[in-house]
2 protein chains.
Amino acid sequence: MEGHRERKKVRTRRALLEAAVRLFSERGYEQTTIAEIAAAAGVAPRTFFAYFTSKEDVLFLHAEERERTMLDVVAGRRPGEPLGALLSRMFEALVQSLAEDDELDFALSPLRARLMFTEPALRARGLALMMEAQPRVAEALCEVYPELDPVSAGAAVGSFMGALAVAGLVAQQQGGSNEDTLAAGRRGIEIALNGLSSLDGS
Amino acid sequence: MEGHRERKKVRTRRALLEAAVRLFSERGYEQTTIAEIAAAAGVAPRTFFAYFTSKEDVLFLHAEERERTMLDVVAGRRPGEPLGALLSRMFEALVQSLAEDDELDFALSPLRARLMFTEPALRARGLALMMEAQPRVAEALCEVYPELDPVSAGAAVGSFMGALAVAGLVAQQQGGSNEDTLAAGRRGIEIALNGLSSLDGS
DNA sequence: TGCGAAATAGCAATGCCTGCATAAAAGCAG
DNA sequence: CTGCTTTTATGCAGGCATTGCTATTTCGCA
């Protein structure tokens, strides 16, 4: 299972990853070519595509696992658990699943986060990936909450994700620390759960 | 102001627009090349880029006007108007501004709507465009609602847009009529305003 | 009719991405 | 160690979007 071969693959992937993030940060996303990334990682340009499906893809790893996490939370609805509580749990589960991802570890994570919210192309991609999962999450919700109609379920997930996306963006623009981002995320979720109208009183 | 020249420009733009939408619908977005669109419109490929900045751009016209509409609604906050009421008005204003757009008229609109929610690349682009306006709308909100902090304002707008985006998507998947879409949008906004927690009781 | 501005078109180049075919490398017998 | 098999790493050619620069055509107007 883990011979010389496996380790080399991981090393190459890692080299590409780090080269990409470093170059993107130094010169900007658009100004960095795949040829340059490959050169910095010591492989041929063609090889890049053996590890990542596209240039954007380098920064969006394991998106499927995030979706899995969300679906698992929905499937694990506790008896009588209200929708709001479940979505709160979903947020915390997402945070944790990100933290536990070993390929998204410390060295790369802050730079990646900054890039994702800084470069328009990447921001767009991130949004798209997130929303891509929306129909399936909404469908899962419908199954677990039989009283929920599809439009409401969809809107709930959309609202949830929208609040989340923006919280990250705002947090990035301001401080940018992981704690700030987490706090902003919680606040965003809270707002989505309690309703925008609830903001009038505060 | 409106000589032979102007009219010809409008006609060419229109020809490109219709050719693009038609071809996209027939063969799919990815399978249609700009060369084909240009040929169908009777112009050189290079000319396409004199009218639209990109292939995706053909389907997303006047995005700036949508942003204008949103900012205008915010700026026109009525004395003491609650945030929820203002966002409701914002939704209705968006619908109206879309309806009044003469370049997005009947012939093209239904096909465009279908494409926007069907083709992944276009769905992504639509989301990105929508969210692109978010920071400015949120900032405007902050100015009009001094008691609102940036994170809350951002989350509110994000939640609003997320709900909206999804409502459109769901409506498209189901029926697909304009009335359905409008109703789904209203429902989505309602949910975002009242909070996801409010769905538990229904 | 002829001039200056605007619209069209042509050409070349860059860069992402893909399919296909081949070389290089790593496991694995024997 | 050597030849065979399965992966990986490349190379190459091509398709397509997009852009910069230049040439050509077309208008509008004096």
# chains A, B, ... in the order shown; residues from 1 in each chain; ligands from 1
call {"tool": "interface_residues", "arguments": {"of": "chain A", "to": "chain D", "cutoff": "9 Å", "atoms": "only C-alpha atoms (C1' of nucleotides)", "output": "list of chain:residue names"}}
result
A:Arg5, A:Lys9, A:Val43, A:Ala44, A:Pro45, A:Arg46, A:Thr47, A:Ala50
call {"tool": "closest_atom_pairs", "arguments": {"of": "chain A", "to": "chain B", "cutoff": "6 Å", "atoms": "only C-alpha atoms", "output": "JSON lines"}}
result
{"residue": "A:Pro82", "atom": "CA", "partner": "B:Asp200", "partner_atom": "CA", "distance": 5.9}
{"residue": "A:Gly84", "atom": "CA", "partner": "B:Ser197", "partner_atom": "CA", "distance": 4.8}
{"residue": "A:Ala124", "atom": "CA", "partner": "B:Ala128", "partner_atom": "CA", "distance": 4.9}
{"residue": "A:Ala128", "atom": "CA", "partner": "B:Ala124", "partner_atom": "CA", "distance": 4.9}
{"residue": "A:Gly154", "atom": "CA", "partner": "B:Val166", "partner_atom": "CA", "distance": 5.8}
{"residue": "A:Ala155", "atom": "CA", "partner": "B:Ala163", "partner_atom": "CA", "distance": 4.4}
{"residue": "A:Ala156", "atom": "CA", "partner": "B:Leu196", "partner_atom": "CA", "distance": 5.9}
{"residue": "A:Gly158", "atom": "CA", "partner": "B:Gly162", "partner_atom": "CA", "distance": 4.3}
{"residue": "A:Ser159", "atom": "CA", "partner": "B:Ser159", "partner_atom": "CA", "distance": 4.1}
{"residue": "A:Gly162", "atom": "CA", "partner": "B:Gly158", "partner_atom": "CA", "distance": 4.3}
{"residue": "A:Ala163", "atom": "CA", "partner": "B:Ala155", "partner_atom": "CA", "distance": 4.4}
{"residue": "A:Val166", "atom": "CA", "partner": "B:Gly158", "partner_atom": "CA", "distance": 5.6}
{"residue": "A:Ala167", "atom": "CA", "partner": "B:Ala155", "partner_atom": "CA", "distance": 5.9}
{"residue": "A:Gly188", "atom": "CA", "partner": "B:Ala155", "partner_atom": "CA", "distance": 5.0}
{"residue": "A:Ala192", "atom": "CA", "partner": "B:Gly195", "partner_atom": "CA", "distance": 5.7}
{"residue": "A:Leu193", "atom": "CA", "partner": "B:Leu196", "partner_atom": "CA", "distance": 4.6}
{"residue": "A:Asn194", "atom": "CA", "partner": "B:Gly195", "partner_atom": "CA", "distance": 4.4}
{"residue": "A:Gly195", "atom": "CA", "partner": "B:Gly195", "partner_atom": "CA", "distance": 3.2}
{"residue": "A:Leu196", "atom": "CA", "partner": "B:Leu193", "partner_atom": "CA", "distance": 4.6}
{"residue": "A:Ser197", "atom": "CA", "partner": "B:Gly84", "partner_atom": "CA", "distance": 4.8}
{"residue": "A:Asp200", "atom": "CA", "partner": "B:Pro82", "partner_atom": "CA", "distance": 5.9}
call {"tool": "interface_residues", "arguments": {"of": "chain A", "to": "chain C", "cutoff": "10 Å", "atoms": "only C-alpha atoms (C1' of nucleotides)", "output": "list in words"}}
result
Gly3, His4, Arg5, Thr33, Ile34, Ala35, Arg46, Phe49, Thr53, Ser54 and Lys55 of chain A
call {"tool": "select_by_dssp", "arguments": {"residues": "range 2-88 of chain A", "states": "alpha helix (DSSP H)", "output": "ChimeraX atom specification"}}
result
/A:4-27,34-41,45-51,63-75,83-88
call {"tool": "atom_distance", "arguments": {"atom1": "CA of Val10 in chain A", "atom2": "CA of Leu23 in chain A"}}
result
19.8 Å
call {"tool": "residues_around", "arguments": {"residues": "Ser97 in chain A", "least_positions_apart": "2", "cutoff": "12 Å", "atoms": "only C-alpha atoms (C1' of nucleotides)", "output": "count of residues only"}}
result
24
call {"tool": "atom_distance", "arguments": {"atom1": "CA of Arg7 in chain B", "atom2": "CA of Ser25 in chain B"}}
result
26.8 Å
call {"tool": "atom_distance", "arguments": {"atom1": "CA of Ala39 in chain B", "atom2": "CA of Thr12 in chain B"}}
result
11.9 Å
call {"tool": "decode", "arguments": {"residues": "range 143-154 of chain B", "atoms": "all heavy atoms", "output": "PDB file, in the first residue's frame"}}
result
ATOM      1  N   GLU B 143     -24.249  52.191   5.977  1.00  0.00           N
ATOM      2  CA  GLU B 143     -24.389  53.640   6.085  1.00  0.00           C
ATOM      3  C   GLU B 143     -25.812  54.036   6.462  1.00  0.00           C
ATOM      4  O   GLU B 143     -26.032  55.001   7.185  1.00  0.00           O
ATOM      5  CB  GLU B 143     -24.010  54.297   4.756  1.00  0.00           C
ATOM      6  CG  GLU B 143     -22.510  54.254   4.511  1.00  0.00           C
ATOM      7  CD  GLU B 143     -22.143  54.851   3.173  1.00  0.00           C
ATOM      8  OE1 GLU B 143     -23.010  55.520   2.555  1.00  0.00           O
ATOM      9  OE2 GLU B 143     -21.004  54.635   2.730  1.00  0.00           O
ATOM     10  N   VAL B 144     -26.770  53.286   5.949  1.00  0.00           N
ATOM     11  CA  VAL B 144     -28.162  53.653   6.183  1.00  0.00           C
ATOM     12  C   VAL B 144     -28.680  53.104   7.509  1.00  0.00           C
ATOM     13  O   VAL B 144     -29.623  53.633   8.087  1.00  0.00           O
ATOM     14  CB  VAL B 144     -29.028  53.155   5.014  1.00  0.00           C
ATOM     15  CG1 VAL B 144     -30.450  53.632   5.165  1.00  0.00           C
ATOM     16  CG2 VAL B 144     -28.446  53.641   3.702  1.00  0.00           C
ATOM     17  N   TYR B 145     -28.066  52.020   7.942  1.00  0.00           N
ATOM     18  CA  TYR B 145     -28.430  51.449   9.237  1.00  0.00           C
ATOM     19  C   TYR B 145     -27.194  51.538  10.139  1.00  0.00           C
ATOM     20  O   TYR B 145     -26.434  50.572  10.229  1.00  0.00           O
ATOM     21  CB  TYR B 145     -28.865  49.997   9.106  1.00  0.00           C
ATOM     22  CG  TYR B 145     -30.181  49.800   8.393  1.00  0.00           C
ATOM     23  CD1 TYR B 145     -30.243  49.689   7.016  1.00  0.00           C
ATOM     24  CD2 TYR B 145     -31.379  49.728   9.117  1.00  0.00           C
ATOM     25  CE1 TYR B 145     -31.453  49.523   6.360  1.00  0.00           C
ATOM     26  CE2 TYR B 145     -32.595  49.554   8.474  1.00  0.00           C
ATOM     27  CZ  TYR B 145     -32.621  49.452   7.092  1.00  0.00           C
ATOM     28  OH  TYR B 145     -33.811  49.280   6.447  1.00  0.00           O
ATOM     29  N   PRO B 146     -26.992  52.658  10.767  1.00  0.00           N
ATOM     30  CA  PRO B 146     -25.749  52.874  11.519  1.00  0.00           C
ATOM     31  C   PRO B 146     -25.547  51.853  12.632  1.00  0.00           C
ATOM     32  O   PRO B 146     -24.419  51.614  13.053  1.00  0.00           O
ATOM     33  CB  PRO B 146     -25.948  54.284  12.111  1.00  0.00           C
ATOM     34  CG  PRO B 146     -27.037  54.902  11.322  1.00  0.00           C
ATOM     35  CD  PRO B 146     -27.924  53.791  10.894  1.00  0.00           C
ATOM     36  N   GLU B 147     -26.620  51.250  13.089  1.00  0.00           N
ATOM     37  CA  GLU B 147     -26.480  50.292  14.183  1.00  0.00           C
ATOM     38  C   GLU B 147     -26.014  48.936  13.682  1.00  0.00           C
ATOM     39  O   GLU B 147     -25.768  48.019  14.478  1.00  0.00           O
ATOM     40  CB  GLU B 147     -27.823  50.138  14.929  1.00  0.00           C
ATOM     41  CG  GLU B 147     -28.905  49.389  14.164  1.00  0.00           C
ATOM     42  CD  GLU B 147     -29.676  50.294  13.212  1.00  0.00           C
ATOM     43  OE1 GLU B 147     -29.175  51.395  12.893  1.00  0.00           O
ATOM     44  OE2 GLU B 147     -30.792  49.907  12.785  1.00  0.00           O
ATOM     45  N   LEU B 148     -25.865  48.795  12.369  1.00  0.00           N
ATOM     46  CA  LEU B 148     -25.475  47.500  11.790  1.00  0.00           C
ATOM     47  C   LEU B 148     -23.954  47.386  11.683  1.00  0.00           C
ATOM     48  O   LEU B 148     -23.308  48.259  11.126  1.00  0.00           O
ATOM     49  CB  LEU B 148     -26.096  47.399  10.395  1.00  0.00           C
ATOM     50  CG  LEU B 148     -26.609  46.050   9.907  1.00  0.00           C
ATOM     51  CD1 LEU B 148     -27.568  45.424  10.903  1.00  0.00           C
ATOM     52  CD2 LEU B 148     -27.277  46.235   8.558  1.00  0.00           C
ATOM     53  N   ASP B 149     -23.402  46.306  12.209  1.00  0.00           N
ATOM     54  CA  ASP B 149     -21.960  46.107  12.043  1.00  0.00           C
ATOM     55  C   ASP B 149     -21.697  45.454  10.690  1.00  0.00           C
ATOM     56  O   ASP B 149     -22.589  44.832  10.101  1.00  0.00           O
ATOM     57  CB  ASP B 149     -21.421  45.233  13.176  1.00  0.00           C
ATOM     58  CG  ASP B 149     -22.011  43.840  13.149  1.00  0.00           C
ATOM     59  OD1 ASP B 149     -23.229  43.712  13.413  1.00  0.00           O
ATOM     60  OD2 ASP B 149     -21.269  42.887  12.856  1.00  0.00           O
ATOM     61  N   PRO B 150     -20.486  45.587  10.169  1.00  0.00           N
ATOM     62  CA  PRO B 150     -20.158  45.083   8.822  1.00  0.00           C
ATOM     63  C   PRO B 150     -20.417  43.597   8.650  1.00  0.00           C
ATOM     64  O   PRO B 150     -20.907  43.174   7.599  1.00  0.00           O
ATOM     65  CB  PRO B 150     -18.668  45.382   8.700  1.00  0.00           C
ATOM     66  CG  PRO B 150     -18.427  46.521   9.629  1.00  0.00           C
ATOM     67  CD  PRO B 150     -19.360  46.311  10.777  1.00  0.00           C
ATOM     68  N   VAL B 151     -20.092  42.823   9.661  1.00  0.00           N
ATOM     69  CA  VAL B 151     -20.293  41.386   9.514  1.00  0.00           C
ATOM     70  C   VAL B 151     -21.773  41.070   9.360  1.00  0.00           C
ATOM     71  O   VAL B 151     -22.176  40.306   8.475  1.00  0.00           O
ATOM     72  CB  VAL B 151     -19.707  40.619  10.720  1.00  0.00           C
ATOM     73  CG1 VAL B 151     -20.089  39.154  10.644  1.00  0.00           C
ATOM     74  CG2 VAL B 151     -18.204  40.772  10.762  1.00  0.00           C
ATOM     75  N   SER B 152     -22.588  41.667  10.182  1.00  0.00           N
ATOM     76  CA  SER B 152     -24.022  41.413  10.101  1.00  0.00           C
ATOM     77  C   SER B 152     -24.585  41.876   8.762  1.00  0.00           C
ATOM     78  O   SER B 152     -25.379  41.171   8.130  1.00  0.00           O
ATOM     79  CB  SER B 152     -24.745  42.143  11.238  1.00  0.00           C
ATOM     80  OG  SER B 152     -24.297  41.681  12.489  1.00  0.00           O
ATOM     81  N   ALA B 153     -24.157  43.039   8.342  1.00  0.00           N
ATOM     82  CA  ALA B 153     -24.648  43.548   7.066  1.00  0.00           C
ATOM     83  C   ALA B 153     -24.255  42.595   5.942  1.00  0.00           C
ATOM     84  O   ALA B 153     -25.076  42.245   5.084  1.00  0.00           O
ATOM     85  CB  ALA B 153     -24.077  44.936   6.803  1.00  0.00           C
ATOM     86  N   GLY B 154     -23.001  42.169   5.963  1.00  0.00           N
ATOM     87  CA  GLY B 154     -22.541  41.240   4.932  1.00  0.00           C
ATOM     88  C   GLY B 154     -23.337  39.956   4.954  1.00  0.00           C
ATOM     89  O   GLY B 154     -23.790  39.463   3.915  1.00  0.00           O
TER      90      GLY B 154
END
